[in-house]
file query33.pdb (PDB, C-alpha atoms, pLDDT in the B column)
ATOM      1  CA  MET N  84     -68.686   9.946-139.910  1.00 71.00           C
ATOM      2  CA  TRP N  85     -67.324  11.009-136.490  1.00 77.00           C
ATOM      3  CA  GLN N  86     -64.303   8.673-136.527  1.00 85.00           C
ATOM      4  CA  PRO N  87     -61.729  11.394-137.376  1.00 86.00           C
ATOM      5  CA  PHE N  88     -62.687  13.300-134.213  1.00 85.00           C
ATOM      6  CA  ILE N  89     -62.287  10.464-131.702  1.00 87.00           C
ATOM      7  CA  GLY N  90     -59.504  11.364-129.278  1.00 87.00           C
ATOM      8  CA  LYS N  91     -59.317  15.023-130.353  1.00 87.00           C
ATOM      9  CA  ARG N  92     -59.372  17.719-127.673  1.00 86.00           C
ATOM     10  CA  SER N  93     -61.040  21.102-127.656  1.00 86.00           C
ATOM     11  CA  GLU N  94     -59.109  24.290-127.019  1.00 87.00           C
ATOM     12  CA  SER N  95     -58.703  25.262-123.383  1.00 90.00           C
ATOM     13  CA  VAL N  96     -61.717  27.067-121.898  1.00 93.00           C
ATOM     14  CA  THR N  97     -62.146  28.682-118.480  1.00 95.00           C
ATOM     15  CA  ASN N  98     -65.541  28.529-116.764  1.00 96.00           C
ATOM     16  CA  TRP N  99     -66.556  30.464-113.668  1.00 96.00           C
ATOM     17  CA  VAL N 100     -68.868  28.960-111.038  1.00 97.00           C
ATOM     18  CA  GLU N 101     -70.924  32.119-110.632  1.00 97.00           C
ATOM     19  CA  ARG N 102     -73.307  32.457-107.680  1.00 97.00           C
ATOM     20  CA  GLY N 103     -76.316  33.685-109.659  1.00 96.00           C
ATOM     21  CA  ALA N 104     -75.910  30.969-112.282  1.00 97.00           C
ATOM     22  CA  VAL N 105     -75.698  28.298-109.554  1.00 98.00           C
ATOM     23  CA  LYS N 106     -78.859  29.617-107.895  1.00 96.00           C
ATOM     24  CA  ARG N 107     -80.789  29.731-111.209  1.00 97.00           C
ATOM     25  CA  PHE N 108     -79.599  26.228-112.099  1.00 97.00           C
ATOM     26  CA  ALA N 109     -80.613  24.832-108.680  1.00 97.00           C
ATOM     27  CA  GLU N 110     -84.046  26.442-109.037  1.00 97.00           C
ATOM     28  CA  ALA N 111     -84.432  25.074-112.578  1.00 97.00           C
ATOM     29  CA  ILE N 112     -83.706  21.506-111.457  1.00 96.00           C
ATOM     30  CA  GLN N 113     -85.834  22.078-108.336  1.00 97.00           C
ATOM     31  CA  ASP N 114     -83.002  21.246-105.946  1.00 97.00           C
ATOM     32  CA  LEU N 115     -83.233  23.922-103.265  1.00 95.00           C
ATOM     33  CA  ASN N 116     -80.424  22.589-101.085  1.00 97.00           C
ATOM     34  CA  PRO N 117     -79.349  25.611 -98.981  1.00 97.00           C
ATOM     35  CA  LEU N 118     -75.684  24.737 -99.617  1.00 98.00           C
ATOM     36  CA  TYR N 119     -76.209  26.216-103.094  1.00 98.00           C
ATOM     37  CA  PHE N 120     -77.488  29.655-102.062  1.00 95.00           C
ATOM     38  CA  ASP N 121     -77.575  30.236 -98.271  1.00 97.00           C
ATOM     39  CA  GLU N 122     -74.160  31.579 -97.231  1.00 96.00           C
ATOM     40  CA  GLU N 123     -74.692  31.008 -93.500  1.00 98.00           C
ATOM     41  CA  VAL N 124     -75.728  27.376 -93.954  1.00 98.00           C
ATOM     42  CA  ALA N 125     -72.827  26.828 -96.362  1.00 98.00           C
ATOM     43  CA  ARG N 126     -70.319  28.503 -94.026  1.00 98.00           C
ATOM     44  CA  ASN N 127     -71.348  26.104 -91.229  1.00 98.00           C
ATOM     45  CA  SER N 128     -71.166  23.032 -93.478  1.00 97.00           C
ATOM     46  CA  ARG N 129     -68.228  20.670 -93.902  1.00 96.00           C
ATOM     47  CA  TRP N 130     -67.279  22.637 -97.038  1.00 97.00           C
ATOM     48  CA  GLY N 131     -67.339  26.080 -95.372  1.00 98.00           C
ATOM     49  CA  GLN N 132     -68.688  27.839 -98.451  1.00 98.00           C
ATOM     50  CA  LEU N 133     -71.341  27.739-101.166  1.00 98.00           C
ATOM     51  CA  ILE N 134     -71.156  24.812-103.569  1.00 98.00           C
ATOM     52  CA  ALA N 135     -72.762  24.008-106.929  1.00 98.00           C
ATOM     53  CA  PRO N 136     -75.126  21.109-107.680  1.00 97.00           C
ATOM     54  CA  PRO N 137     -73.292  18.037-109.007  1.00 93.00           C
ATOM     55  CA  THR N 138     -74.727  18.423-112.512  1.00 92.00           C
ATOM     56  CA  PHE N 139     -73.904  22.156-112.766  1.00 95.00           C
ATOM     57  CA  PRO N 140     -70.928  21.463-115.101  1.00 92.00           C
ATOM     58  CA  MET N 141     -73.510  20.680-117.810  1.00 88.00           C
ATOM     59  CA  THR N 142     -73.802  24.471-118.182  1.00 92.00           C
ATOM     60  CA  PHE N 143     -70.077  24.893-118.925  1.00 93.00           C
ATOM     61  CA  ASP N 144     -68.544  25.773-122.247  1.00 89.00           C
ATOM     62  CA  TYR N 145     -66.342  22.832-123.202  1.00 86.00           C
ATOM     63  CA  GLY N 146     -64.675  24.547-126.140  1.00 88.00           C
ATOM     64  CA  ARG N 147     -64.704  23.724-129.811  1.00 87.00           C
ATOM     65  CA  ILE N 148     -62.906  21.049-131.802  1.00 87.00           C
ATOM     66  CA  GLU N 149     -61.637  22.398-135.100  1.00 86.00           C
ATOM     67  CA  GLY N 150     -63.555  20.952-138.022  1.00 84.00           C
ATOM     68  CA  LEU N 151     -66.280  19.387-135.878  1.00 85.00           C
ATOM     69  CA  SER N 152     -69.672  20.897-136.483  1.00 81.00           C
ATOM     70  CA  LEU N 153     -72.660  19.368-134.751  1.00 76.00           C
ATOM     71  CA  PRO N 154     -76.259  19.948-135.813  1.00 77.00           C
ATOM     72  CA  GLU N 155     -78.083  22.808-134.084  1.00 75.00           C
ATOM     73  CA  SER N 156     -80.952  20.476-133.148  1.00 79.00           C
ATOM     74  CA  GLY N 157     -81.829  16.818-133.252  1.00 77.00           C
ATOM     75  CA  LEU N 158     -78.931  15.443-131.209  1.00 74.00           C
ATOM     76  CA  ILE N 159     -79.780  12.931-128.515  1.00 75.00           C
ATOM     77  CA  HIS N 160     -77.581  12.828-125.437  1.00 71.00           C
ATOM     78  CA  GLY N 161     -77.312   9.182-124.500  1.00 75.00           C
ATOM     79  CA  ASP N 162     -75.185   8.893-121.381  1.00 77.00           C
ATOM     80  CA  GLN N 163     -72.794  10.755-119.134  1.00 74.00           C
ATOM     81  CA  THR N 164     -70.924   9.897-115.950  1.00 79.00           C
ATOM     82  CA  PHE N 165     -69.434  12.234-113.358  1.00 78.00           C
ATOM     83  CA  HIS N 166     -66.623  11.414-110.914  1.00 86.00           C
ATOM     84  CA  TYR N 167     -65.969  13.975-108.181  1.00 88.00           C
ATOM     85  CA  ARG N 168     -63.284  14.331-105.553  1.00 93.00           C
ATOM     86  CA  ARG N 169     -64.915  17.456-104.101  1.00 94.00           C
ATOM     87  CA  PRO N 170     -67.781  19.800-104.981  1.00 95.00           C
ATOM     88  CA  LEU N 171     -67.431  22.817-107.215  1.00 96.00           C
ATOM     89  CA  PHE N 172     -67.197  25.941-105.086  1.00 98.00           C
ATOM     90  CA  VAL N 173     -69.080  29.110-105.979  1.00 98.00           C
ATOM     91  CA  GLY N 174     -66.607  31.720-107.157  1.00 97.00           C
ATOM     92  CA  GLU N 175     -63.950  29.365-108.478  1.00 97.00           C
ATOM     93  CA  GLU N 176     -62.741  29.070-112.065  1.00 95.00           C
TER
END

call {"tool": "encode", "arguments": {"input": "query33.pdb", "output": "structure tokens"}}
result
Amino acid sequence: MWQPFIGKRSESVTNWVERGAVKRFAEAIQDLNPLYFDEEVARNSRWGQLIAPPTFPMTFDYGRIEGLSLPESGLIHGDQTFHYRRPLFVGEE
């Protein structure tokens, strides 16, 4: 059923790591690390600025694949892996 879509790519999409969205996400997952919302703490960290929680990209729009239409409900997300070279910085696209 999904075979024709394996290997297809979505159109290009730009996402913004917005400060308010990062704060709301961190609160929702109950991870109140000050690096996500306290500018002074973040400025004095090794990163020098606010960062987003590692799972924040789950909120991103990943675009659409032409012809692929997924059900509105009933999907089960089985597994996902993240590989990072650096954190996402608040304010970047």

call {"tool": "residues_around", "arguments": {"input": "query33.pdb", "residues": "N:Glu122", "least_positions_apart": "5", "cutoff": "12 Å", "atoms": "only C-alpha atoms", "output": "list in words"}}
result
Arg102, Lys106, Asn116, Pro117, Asn127, Ser128, Trp130, Gly131, Gln132, Leu133, Ile134, Phe172 and Val173 of chain N

call {"tool": "resolve_selection", "arguments": {"input": "query33.pdb", "expression": "the PyMOL selection byres ((chain N and resi 91) around 12)", "output": "number ranges by chain"}}
result
N: 85-90, 92-94, 146-151

call {"tool": "atom_distance", "arguments": {"input": "query33.pdb", "atom1": "atom CA of N:Glu101", "atom2": "atom CA of N:Ala135"}}
result
9.1 Å

call {"tool": "atom_distance", "arguments": {"input": "query33.pdb", "atom1": "atom CA of N:Glu175", "atom2": "atom CA of N:Gln163"}}
result
23.2 Å

call {"tool": "axis_aligned_box", "arguments": {"input": "query33.pdb", "around": "stretch 121-132 of chain N", "padding_each_side": "4 Å", "output": "AutoDock Vina command-line options"}}
result
--center_x -72.4 --center_y 26.1 --center_z -94.8 --size_x 18.3 --size_y 18.9 --size_z 15.2

call {"tool": "atom_distance", "arguments": {"input": "query33.pdb", "atom1": "atom CA of N:Thr138", "atom2": "atom CA of N:Tyr167"}}
result
10.7 Å

call {"tool": "closest_residue", "arguments": {"input": "query33.pdb", "among": "N:Pro136, N:Asp144, N:Ile159, N:Phe165", "to": "N:Ala111", "atoms": "only C-alpha atoms"}}
result
N:Pro136

call {"tool": "closest_residue", "arguments": {"input": "query33.pdb", "among": "N:Pro154, N:Val105, N:Val100, N:Ser95", "to": "N:Phe120", "atoms": "all atoms listed in the file"}}
result
N:Val105

call {"tool": "residues_around", "arguments": {"input": "query33.pdb", "residues": "N:Phe143", "least_positions_apart": "4", "cutoff": "9 Å", "atoms": "all atoms listed in the file", "output": "PyMOL selection string"}}
result
chain N and resi 97-100+139

call {"tool": "closest_residue", "arguments": {"input": "query33.pdb", "among": "N:Tyr145, N:Tyr119, N:Asp114, N:Phe108", "to": "N:Gly174", "atoms": "all atoms listed in the file"}}
result
N:Tyr119

call {"tool": "decode", "arguments": {"input": "query33.pdb", "residues": "stretch 134-154 of chain N", "atoms": "N, CA, C and O atoms", "output": "compact mmCIF listing (two decimals), in the first residue's frame"}}
result
# COMPACT_ATOMS: atom_id res chain seq x y z
N ILE N 134 18.68 27.43 23.52
CA ILE N 134 18.57 26.26 22.65
C ILE N 134 17.19 25.63 22.82
O ILE N 134 16.44 25.99 23.72
N ALA N 135 16.87 24.69 21.94
CA ALA N 135 15.59 23.98 22.00
C ALA N 135 15.81 22.58 22.54
O ALA N 135 16.90 22.00 22.38
N PRO N 136 14.80 21.99 23.18
CA PRO N 136 14.92 20.60 23.62
C PRO N 136 15.20 19.68 22.43
O PRO N 136 14.77 19.96 21.30
N PRO N 137 15.90 18.58 22.65
CA PRO N 137 16.27 17.69 21.54
C PRO N 137 15.09 17.17 20.73
O PRO N 137 15.23 16.94 19.53
N THR N 138 13.93 17.00 21.34
CA THR N 138 12.79 16.47 20.59
C THR N 138 11.90 17.58 19.99
O THR N 138 10.87 17.28 19.39
N PHE N 139 12.31 18.83 20.12
CA PHE N 139 11.53 19.94 19.56
C PHE N 139 11.22 19.78 18.07
O PHE N 139 10.14 20.18 17.61
N PRO N 140 12.12 19.21 17.26
CA PRO N 140 11.80 19.06 15.83
C PRO N 140 10.53 18.26 15.54
O PRO N 140 10.01 18.31 14.43
N MET N 141 10.00 17.55 16.54
CA MET N 141 8.73 16.84 16.34
C MET N 141 7.60 17.81 16.04
O MET N 141 6.58 17.42 15.48
N THR N 142 7.78 19.09 16.39
CA THR N 142 6.74 20.09 16.13
C THR N 142 6.84 20.68 14.72
O THR N 142 5.96 21.43 14.31
N PHE N 143 7.89 20.37 13.99
CA PHE N 143 8.12 20.96 12.67
C PHE N 143 7.15 20.45 11.62
O PHE N 143 6.63 19.34 11.70
N ASP N 144 6.96 21.26 10.62
CA ASP N 144 6.23 20.85 9.42
C ASP N 144 7.27 20.21 8.51
O ASP N 144 8.28 20.83 8.18
N TYR N 145 7.04 18.99 8.11
CA TYR N 145 7.99 18.28 7.26
C TYR N 145 7.56 18.25 5.81
O TYR N 145 8.15 17.56 4.99
N GLY N 146 6.55 19.02 5.46
CA GLY N 146 6.11 19.10 4.08
C GLY N 146 5.18 17.97 3.70
O GLY N 146 4.88 17.09 4.50
N ARG N 147 4.73 18.01 2.49
CA ARG N 147 3.80 17.01 1.97
C ARG N 147 4.43 16.26 0.81
O ARG N 147 5.22 16.83 0.06
N ILE N 148 4.06 15.02 0.65
CA ILE N 148 4.48 14.22 -0.49
C ILE N 148 3.26 14.07 -1.39
O ILE N 148 2.22 13.57 -0.96
N GLU N 149 3.39 14.52 -2.61
CA GLU N 149 2.27 14.50 -3.55
C GLU N 149 1.69 13.09 -3.67
O GLU N 149 2.42 12.11 -3.86
N GLY N 150 0.39 13.00 -3.52
CA GLY N 150 -0.31 11.73 -3.66
C GLY N 150 -0.41 10.92 -2.38
O GLY N 150 -1.18 9.97 -2.30
N LEU N 151 0.37 11.28 -1.37
CA LEU N 151 0.35 10.54 -0.10
C LEU N 151 -0.65 11.19 0.83
O LEU N 151 -0.52 12.36 1.19
N SER N 152 -1.66 10.46 1.22
CA SER N 152 -2.61 11.01 2.17
C SER N 152 -2.76 10.02 3.32
O SER N 152 -3.15 8.87 3.13
N LEU N 153 -2.37 10.47 4.49
CA LEU N 153 -2.41 9.64 5.69
C LEU N 153 -3.73 9.87 6.42
O LEU N 153 -4.30 10.96 6.35
N PRO N 154 -4.19 8.88 7.15
CA PRO N 154 -5.43 9.06 7.92
C PRO N 154 -5.29 10.16 8.96
O PRO N 154 -4.21 10.39 9.49
